[in-house]
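Read through the structure below, which is laid out as structure tokens, and then see the notes.
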Protein chains: 2
Amino acid sequence: MSVREAQKNTRRRAILDAARSLILDGKERDFSMLTLAEKAGVSLVTPYNLFGSKSSILLEIVREDIYDRIVHVEALVSESLAEWVAALSATLAEVYYKNRHFYRRMIVTLVAQQNADTQRASLEFSYRTFENALSHLQERGILPATVPVDLLARQCAHSVSGSLQQRLMQRGTEELLRREIELGLLFLLAGICADKDRQVLRDRINELARLPG
Amino acid sequence: MSVREAQKNTRRRAILDAARSLILDGKERDFSMLTLAEKAGVSLVTPYNLFGSKSSILLEIVREDIYDRIVHVEALVSESLAEWVAALSATLAEVYYKNRHFYRRMIVTLVAQQNADTQRASLEFSYRTFENALSHLQERGILPATVPVDLLARQCAHSVSGSLQQRLMQRGTEELLRREIELGLLFLLAGICADKDRQVLRDRINELARLPG
DNA sequence: AAGAAAATCATAATGCGTTATAGTTTATTG
DNA sequence: CAATAAACTATAACGCATTATGATTTTCTT
């Protein structure tokens with residue numbers, strides 16, 4: 001790699017690190033491009049040169065920081081569909097809630113911007129994440145082979161993102177977020193799962209329905 | 001009503017009308033608060049006094065203009081669940097696609113803004129719309145009485161809004177949007193519908209899965 | 001080592017939603 | 001019929017993402 005590329009990478013790293021530390025520090029405010037650039041020790045324009053936009057930076061952080069954890073959680077590979085749903089919901093809710101200030105900003109920034117490319121990248125990314133997870137289930141026989149995994153993955157992604165918009169933007173608790181995510185997945189899966197699983201999922205739906213909130 | 005209130009209402013109307021005509025005119029650009037105010041014949045600040053924010057104005061238009069059509073479409077009350085899903089998807093896709101420039105802006109504006117109240121109002125509104133529709137189905141015996149309609153309504157709203165974000169923001173065709181909406185509803189309903197309906201919905205899912213795109 | 005190319009920097013400018021200020025008109029009220 | 005209060009207007013300002021400009025430094029090429 002040329003010296004020039006190496007320097008770029010160093011700057012990229014500095015910017016991503018600065019962003020991450022700003023996310024963890026400042027509870028919510030002052031995540032402007034200017035503060036980010038100052039913290040990273042570069043000029044205001046450099047992040048634009050290296051990433052293109054603010055949302056690209058955020059997406060990059062999600063990529064390398066957050067989703068990795070989810071994809072690699074082996075504990076999520078349970079034996080029953082209901083267990084898997086419960087485990088995944090809990091993990092997602094925990095990660096999202098712990099970084100809720102970041103995700104609030106992320107949702108806003110990603111949706112708000114006109115640049116369709118970053119948006120597409122973000123969608124593609126969550127679709128693929130779910131597709132991997134569902135394929136895994138299918139390989140282990142937990143999900144019937146006939147399920148169109150790609151389509152279902154999109155719907156799962158939509159559902160989770162809707163739950164986020166509802167519970168994260170509206171400042172619900174982690175528990176409420178977890179339940180909402182779980183509910184969405186249960187509804188989506190109950191129709192196409194193996195017959196033996198269906199009643200379990202439906203019972204769980206009714207259990208959640210009985211809870212207050 | 002006092003004279004003062006009447007004058008306010010006149011101004012409100014002028015602003016909403018100006019907004020609607022701007023939406024229909026300008027294919028996408030120049031929907032700034034300044035142009036809106038000029039078109040309505042009021043000062044820049046007046047819309048803020050009367051509505052609070054840009055997103056409130058957009059939401060108001062959706063309320064009185066778009067959703068009314070959906071709620072009142074009697075044709076949507078079909079005899080079978082699959083028919084209902086198909087009819088609703090077609091109607092939604094048509095309305096959203098026809099006003100796609102407006103809805104693109106709406107999604108951005110609603111999600112982007114910090115003011116949680118408008119966001120909550122918008123969510124509540126779509127939840128309630130779906131809740132009404134689903135209750136109607138339940139009353140007619142098309143949906144089992146045991147279905148927790150409120151929870152399912154939220155998930156339907158999330159699903160549709162996810163499809164919008166995917167297909168509208170990414171400039172898909174009306175057909176693709178319709179299919180995505182239909183798919184989401186099919187997945188969500190297949191689990192909790194009456195046993196006799198399930199296979200129909202699943203067949204339809206597989207039919208959609210076989211289409212390209 | 002010298003010139004070309006790339007990337008950065010500091011700084012200014014643009015666009016847009018929103019808020020603040022101060023003055024003016026107009027309905028309400030006693 | 002004044003005094004008060006509400007609502008407006010015009011205008012300026014703020015915050016922040018983003019883009020433009022022109023100078024400067026640094027790497028690459030030959």
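In the structure tokens, chains take the letters A, B, ... in the order shown, each chain's residues start at 1, and ligands count up from 1 in the order shown.
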How close does chain D get to chain A? List, as a Markdown table, each residue of chain D within 10 Å, its nearest atom pair and the distance in Å to one decimal, counting only C-alpha atoms (C1' of nucleotides).
| residue | atom | partner | partner_atom | distance |
| --- | --- | --- | --- | --- |
| D:DG15 | C1' | A:Ser32 | CA | 9.4 |
| D:DC16 | C1' | A:Ser32 | CA | 6.8 |
| D:DA17 | C1' | A:Met33 | CA | 7.7 |
| D:DT18 | C1' | A:Ser53 | CA | 8.4 |
| D:DT19 | C1' | A:Val45 | CA | 9.5 |
| D:DT26 | C1' | A:Arg4 | CA | 9.1 |
| D:DT27 | C1' | A:Arg4 | CA | 6.7 |
| D:DC28 | C1' | A:Arg4 | CA | 9.3 |
Within 12 Å of chain B, which residues of chain C come that close, and what is the closest atom pair and distance in Å for each? Count only C-alpha atoms (C1' of nucleotides) and give it as CSV.
residue,atom,partner,partner_atom,distance
C:DG15,C1',B:Ser32,CA,9.6
C:DC16,C1',B:Ser32,CA,7.0
C:DG17,C1',B:Met33,CA,7.7
C:DT18,C1',B:Ser53,CA,8.4
C:DT19,C1',B:Val45,CA,9.5
C:DA20,C1',B:Val45,CA,11.0
C:DT26,C1',B:Arg4,CA,9.1
C:DA27,C1',B:Arg4,CA,6.6
C:DT28,C1',B:Arg4,CA,9.4
Residues of the last selection are to be written out with C-alpha atoms (C1' of nucleotides), as a PDB file, in the first residue's frame.
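Written file, out-v8.pdb:
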ATOM      1  C1'  DG C  15     -29.382  26.291   2.282  1.00  0.00           C
ATOM      2  C1'  DC C  16     -32.838  25.349   5.379  1.00  0.00           C
ATOM      3  C1'  DG C  17     -35.406  24.647   9.675  1.00  0.00           C
ATOM      4  C1'  DT C  18     -36.094  27.101  13.519  1.00  0.00           C
ATOM      5  C1'  DT C  19     -35.923  30.797  17.111  1.00  0.00           C
ATOM      6  C1'  DA C  20     -35.505  35.572  18.726  1.00  0.00           C
ATOM      7  C1'  DT C  26     -56.418  44.396  15.391  1.00  0.00           C
ATOM      8  C1'  DA C  27     -59.694  42.085  18.348  1.00  0.00           C
ATOM      9  C1'  DT C  28     -61.188  41.966  23.058  1.00  0.00           C
TER      10       DT C  28
END
Which polymer residues have any atom within 8 Å of an atom of Arg167 of chain A, counting only C-alpha atoms (C1' of nucleotides), with same-chain residues fewer than 3 positions away left out, as a CSV table (one decimal) with C-alpha atoms, in the first residue's frame?
chain,number,residue,atom,x,y,z
A,163,SER,CA,-39.8,-1.2,16.6
A,164,LEU,CA,-36.7,0.9,17.0
A,170,GLN,CA,-40.1,7.6,21.9
A,171,ARG,CA,-37.8,6.7,24.7
A,172,GLY,CA,-39.3,3.5,25.9
A,173,THR,CA,-37.5,1.2,28.2
A,176,LEU,CA,-40.5,-2.6,26.0
A,177,LEU,CA,-38.1,-2.5,23.1
A,180,GLU,CA,-41.8,-5.2,20.5
> Of the residues B:Leu16, B:Ala112, B:Ile181, B:Leu88, which is the one nearest to chain A, using only C-alpha atoms?
Replying inline: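 When distances to chain A are compared using only C-alpha atoms, the smallest one comes from B:Ala112.
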> Just how far from atom CA of Thr118 of chain A is atom CA of Arg12 of chain A, in Å to one decimal?
Replying inline: 17.3 Å
Return as CSV the residues of chain A lying at most 9 Å from chain B, together with the closest atom-to-atom pair for each and the distance in Å to one decimal, counting only C-alpha atoms, with rows in chain order and ascending residue number.
residue,atom,partner,partner_atom,distance
A:Arg105,CA,B:Ala112,CA,8.9
A:Ile107,CA,B:Val111,CA,7.7
A:Val108,CA,B:Ala112,CA,4.7
A:Thr109,CA,B:Ala112,CA,6.9
A:Leu110,CA,B:Ala112,CA,8.8
A:Val111,CA,B:Val108,CA,5.8
A:Ala112,CA,B:Val108,CA,4.6
A:Gln113,CA,B:Val108,CA,7.4
A:Gln114,CA,B:Val108,CA,8.4
A:Ala116,CA,B:Gln170,CA,6.6
A:Asp117,CA,B:Gln170,CA,8.8
A:Gln119,CA,B:Gln170,CA,8.2
A:Arg120,CA,B:Gln170,CA,7.0
A:Leu123,CA,B:Gln166,CA,7.5
A:Thr146,CA,B:Asn206,CA,8.6
A:Val147,CA,B:Asn206,CA,8.2
A:Pro148,CA,B:Ala209,CA,6.5
A:Asp150,CA,B:Ala209,CA,8.9
A:Leu151,CA,B:Ala209,CA,7.2
A:Leu152,CA,B:Phe187,CA,7.8
A:Arg154,CA,B:Ser163,CA,8.8
A:Gln155,CA,B:Gly184,CA,6.0
A:Cys156,CA,B:Ser159,CA,8.7
A:Ala157,CA,B:Gly162,CA,8.1
A:His158,CA,B:Gly162,CA,4.6
A:Ser159,CA,B:Ser159,CA,5.7
A:Val160,CA,B:His158,CA,8.4
A:Ser161,CA,B:Gly162,CA,7.4
A:Gly162,CA,B:His158,CA,4.6
A:Ser163,CA,B:His158,CA,7.1
A:Gln165,CA,B:Val111,CA,8.3
A:Gln166,CA,B:Leu123,CA,7.5
A:Met169,CA,B:Ala116,CA,7.2
A:Gln170,CA,B:Ala116,CA,6.5
A:Glu180,CA,B:Gln155,CA,8.6
A:Leu183,CA,B:Leu151,CA,8.0
A:Gly184,CA,B:Gln155,CA,6.0
A:Leu185,CA,B:Leu188,CA,8.9
A:Leu186,CA,B:Gly191,CA,8.5
A:Phe187,CA,B:Leu188,CA,5.1
A:Leu188,CA,B:Leu188,CA,4.7
A:Leu189,CA,B:Gly191,CA,7.1
A:Ala190,CA,B:Gly191,CA,4.2
A:Gly191,CA,B:Gly191,CA,3.5
A:Ile192,CA,B:Gly191,CA,7.2
A:Cys193,CA,B:Gly191,CA,8.6
A:Arg198,CA,B:Gly191,CA,7.3
A:Leu201,CA,B:Gly191,CA,8.7
A:Arg202,CA,B:Ile192,CA,7.2
A:Ile205,CA,B:Pro148,CA,8.4
A:Asn206,CA,B:Pro148,CA,7.4
A:Ala209,CA,B:Pro148,CA,6.5
Just to be explicit: take each residue in the selection above, keep C-alpha atoms, and write the result as a compact mmCIF listing (two decimals), in the first residue's frame.
# COMPACT_ATOMS: atom_id res chain seq x y z
CA ARG A 105 -29.05 9.91 15.87
CA ILE A 107 -31.89 6.64 12.42
CA VAL A 108 -32.43 10.34 11.99
CA THR A 109 -29.26 10.88 10.02
CA LEU A 110 -29.74 7.89 7.77
CA VAL A 111 -33.35 8.47 6.92
CA ALA A 112 -33.03 12.21 6.72
CA GLN A 113 -30.38 12.41 4.12
CA GLN A 114 -31.11 12.66 0.47
CA ALA A 116 -29.84 7.38 -1.63
CA ASP A 117 -26.60 5.40 -1.75
CA GLN A 119 -29.52 4.56 2.62
CA ARG A 120 -29.39 1.66 0.24
CA LEU A 123 -30.82 -1.35 4.10
CA THR A 146 -39.51 -23.90 1.63
CA VAL A 147 -39.33 -20.54 3.37
CA PRO A 148 -38.22 -17.73 1.02
CA ASP A 150 -34.56 -13.42 1.33
CA LEU A 151 -38.07 -12.01 1.47
CA LEU A 152 -38.58 -12.90 5.07
CA ARG A 154 -36.44 -7.98 4.51
CA GLN A 155 -39.58 -8.12 6.55
CA CYS A 156 -37.68 -8.92 9.71
CA ALA A 157 -35.44 -5.96 9.09
CA HIS A 158 -38.44 -3.71 8.53
CA SER A 159 -40.06 -4.96 11.68
CA VAL A 160 -37.03 -4.38 13.86
CA SER A 161 -36.46 -0.96 12.39
CA GLY A 162 -40.11 -0.10 13.06
CA SER A 163 -39.79 -1.24 16.64
CA GLN A 165 -38.50 3.94 15.63
CA GLN A 166 -41.32 3.36 18.03
CA MET A 169 -37.29 7.45 19.36
CA GLN A 170 -40.12 7.58 21.86
CA GLU A 180 -41.76 -5.16 20.54
CA LEU A 183 -43.54 -9.62 18.88
CA GLY A 184 -42.65 -8.58 15.37
CA LEU A 185 -40.51 -11.64 14.82
CA LEU A 186 -43.13 -13.94 16.33
CA PHE A 187 -45.86 -12.62 14.06
CA LEU A 188 -43.64 -12.89 11.01
CA LEU A 189 -42.48 -16.40 11.76
CA ALA A 190 -45.67 -17.98 13.05
CA GLY A 191 -47.08 -18.27 9.56
CA ILE A 192 -44.27 -20.06 7.83
CA CYS A 193 -42.64 -22.04 10.61
CA ARG A 198 -46.67 -22.59 15.51
CA LEU A 201 -45.10 -18.98 18.98
CA ARG A 202 -48.78 -18.15 19.23
CA ILE A 205 -47.70 -13.84 21.37
CA ASN A 206 -50.68 -14.15 23.66
CA ALA A 209 -50.33 -9.48 24.71
>> To one decimal place in Å, what is the distance between atom CA of Glu79 of chain B and atom CA of Ala145 of chain B?
In response: 16.2 Å
>> Which residues are near DC8 of chain D? Cut-off 12 Å, only C-alpha atoms (C1' of nucleotides), ignore same chain within fewer than 5 positions. Put them as a list in words.
In response: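 Neighbouring residues, sequence-local ones excluded: Arg4, Gln7, Lys8, Arg11, Val42, Ser43, Leu44, Val45, Thr46, Pro47, Asn49 and Leu50 of chain B; DG23, DT24, DT25 and DT26 of chain C.
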Based on the selection just made, write N, CA and C atoms (P, O5', C5', C4', C3', O3' and C1' of nucleotides) of those residues as a PDB file, in the first residue's frame.
ATOM      1  N   ARG B   4     -61.069  36.235  16.096  1.00  0.00           N
ATOM      2  CA  ARG B   4     -59.648  35.895  16.070  1.00  0.00           C
ATOM      3  C   ARG B   4     -59.430  34.427  15.672  1.00  0.00           C
ATOM      4  N   GLN B   7     -60.016  33.924  12.006  1.00  0.00           N
ATOM      5  CA  GLN B   7     -58.889  34.378  11.188  1.00  0.00           C
ATOM      6  C   GLN B   7     -57.757  33.364  11.193  1.00  0.00           C
ATOM      7  N   LYS B   8     -57.528  32.812  12.360  1.00  0.00           N
ATOM      8  CA  LYS B   8     -56.491  31.777  12.441  1.00  0.00           C
ATOM      9  C   LYS B   8     -56.822  30.607  11.521  1.00  0.00           C
ATOM     10  N   ARG B  11     -56.083  31.333   7.996  1.00  0.00           N
ATOM     11  CA  ARG B  11     -54.647  31.235   7.711  1.00  0.00           C
ATOM     12  C   ARG B  11     -54.194  29.782   7.666  1.00  0.00           C
ATOM     13  N   VAL B  42     -48.490  34.528   3.943  1.00  0.00           N
ATOM     14  CA  VAL B  42     -48.240  34.882   5.336  1.00  0.00           C
ATOM     15  C   VAL B  42     -46.745  35.021   5.546  1.00  0.00           C
ATOM     16  N   SER B  43     -46.377  35.486   6.704  1.00  0.00           N
ATOM     17  CA  SER B  43     -44.943  35.640   6.951  1.00  0.00           C
ATOM     18  C   SER B  43     -44.324  34.289   7.314  1.00  0.00           C
ATOM     19  N   LEU B  44     -43.023  34.261   7.259  1.00  0.00           N
ATOM     20  CA  LEU B  44     -42.313  33.011   7.518  1.00  0.00           C
ATOM     21  C   LEU B  44     -42.653  32.403   8.867  1.00  0.00           C
ATOM     22  N   VAL B  45     -42.898  33.238   9.834  1.00  0.00           N
ATOM     23  CA  VAL B  45     -43.072  32.734  11.198  1.00  0.00           C
ATOM     24  C   VAL B  45     -44.471  32.195  11.459  1.00  0.00           C
ATOM     25  N   THR B  46     -45.429  32.667  10.691  1.00  0.00           N
ATOM     26  CA  THR B  46     -46.815  32.296  10.970  1.00  0.00           C
ATOM     27  C   THR B  46     -47.071  30.780  10.948  1.00  0.00           C
ATOM     28  N   PRO B  47     -46.555  30.066   9.961  1.00  0.00           N
ATOM     29  CA  PRO B  47     -46.755  28.615  10.015  1.00  0.00           C
ATOM     30  C   PRO B  47     -46.255  27.992  11.318  1.00  0.00           C
ATOM     31  N   ASN B  49     -46.209  29.513  14.214  1.00  0.00           N
ATOM     32  CA  ASN B  49     -47.195  29.853  15.240  1.00  0.00           C
ATOM     33  C   ASN B  49     -48.416  28.951  15.165  1.00  0.00           C
ATOM     34  N   LEU B  50     -48.847  28.662  13.972  1.00  0.00           N
ATOM     35  CA  LEU B  50     -50.117  27.954  13.818  1.00  0.00           C
ATOM     36  C   LEU B  50     -49.978  26.437  13.854  1.00  0.00           C
TER      37      LEU B  50
ATOM     38  P    DG C  23     -38.874  48.428  18.977  1.00  0.00           P
ATOM     39  O5'  DG C  23     -39.891  48.778  17.811  1.00  0.00           O
ATOM     40  C5'  DG C  23     -39.470  48.669  16.443  1.00  0.00           C
ATOM     41  C4'  DG C  23     -40.677  48.351  15.582  1.00  0.00           C
ATOM     42  C3'  DG C  23     -41.897  49.242  15.870  1.00  0.00           C
ATOM     43  O3'  DG C  23     -42.456  49.671  14.640  1.00  0.00           O
ATOM     44  C1'  DG C  23     -42.510  46.973  16.001  1.00  0.00           C
ATOM     45  P    DT C  24     -43.649  50.712  14.640  1.00  0.00           P
ATOM     46  O5'  DT C  24     -44.879  49.822  14.173  1.00  0.00           O
ATOM     47  C5'  DT C  24     -44.760  49.039  12.974  1.00  0.00           C
ATOM     48  C4'  DT C  24     -46.068  48.309  12.736  1.00  0.00           C
ATOM     49  C3'  DT C  24     -47.324  49.149  12.964  1.00  0.00           C
ATOM     50  O3'  DT C  24     -48.250  48.881  11.916  1.00  0.00           O
ATOM     51  C1'  DT C  24     -47.440  47.182  14.250  1.00  0.00           C
ATOM     52  P    DT C  25     -49.400  49.917  11.598  1.00  0.00           P
ATOM     53  O5'  DT C  25     -50.685  48.967  11.611  1.00  0.00           O
ATOM     54  C5'  DT C  25     -50.715  47.830  10.755  1.00  0.00           C
ATOM     55  C4'  DT C  25     -51.535  46.743  11.404  1.00  0.00           C
ATOM     56  C3'  DT C  25     -53.020  47.064  11.597  1.00  0.00           C
ATOM     57  O3'  DT C  25     -53.774  46.134  10.835  1.00  0.00           O
ATOM     58  C1'  DT C  25     -52.104  46.025  13.505  1.00  0.00           C
ATOM     59  P    DT C  26     -55.316  46.313  10.621  1.00  0.00           P
ATOM     60  O5'  DT C  26     -55.925  45.485  11.839  1.00  0.00           O
ATOM     61  C5'  DT C  26     -55.546  44.130  12.005  1.00  0.00           C
ATOM     62  C4'  DT C  26     -56.239  43.566  13.237  1.00  0.00           C
ATOM     63  C3'  DT C  26     -57.661  44.087  13.465  1.00  0.00           C
ATOM     64  O3'  DT C  26     -58.449  43.012  13.917  1.00  0.00           O
ATOM     65  C1'  DT C  26     -56.418  44.396  15.391  1.00  0.00           C
TER      66       DT C  26
END
> When you draw a straight line from atom CA of Val200 of chain B to atom CA of His136 of chain A, how long is it in Å?
Replying inline: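 Distance reported for this atom pair: 27.0 Å.
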> Tell me, which residues of segment 3-155 of chain B carry DSSP helix (DSSP H, G or I), written as a ChimeraX atom specification?
Replying inline: /B:3-25,33-40,46-51,54-72,74-76,81-98,100-112,116-139,149-155
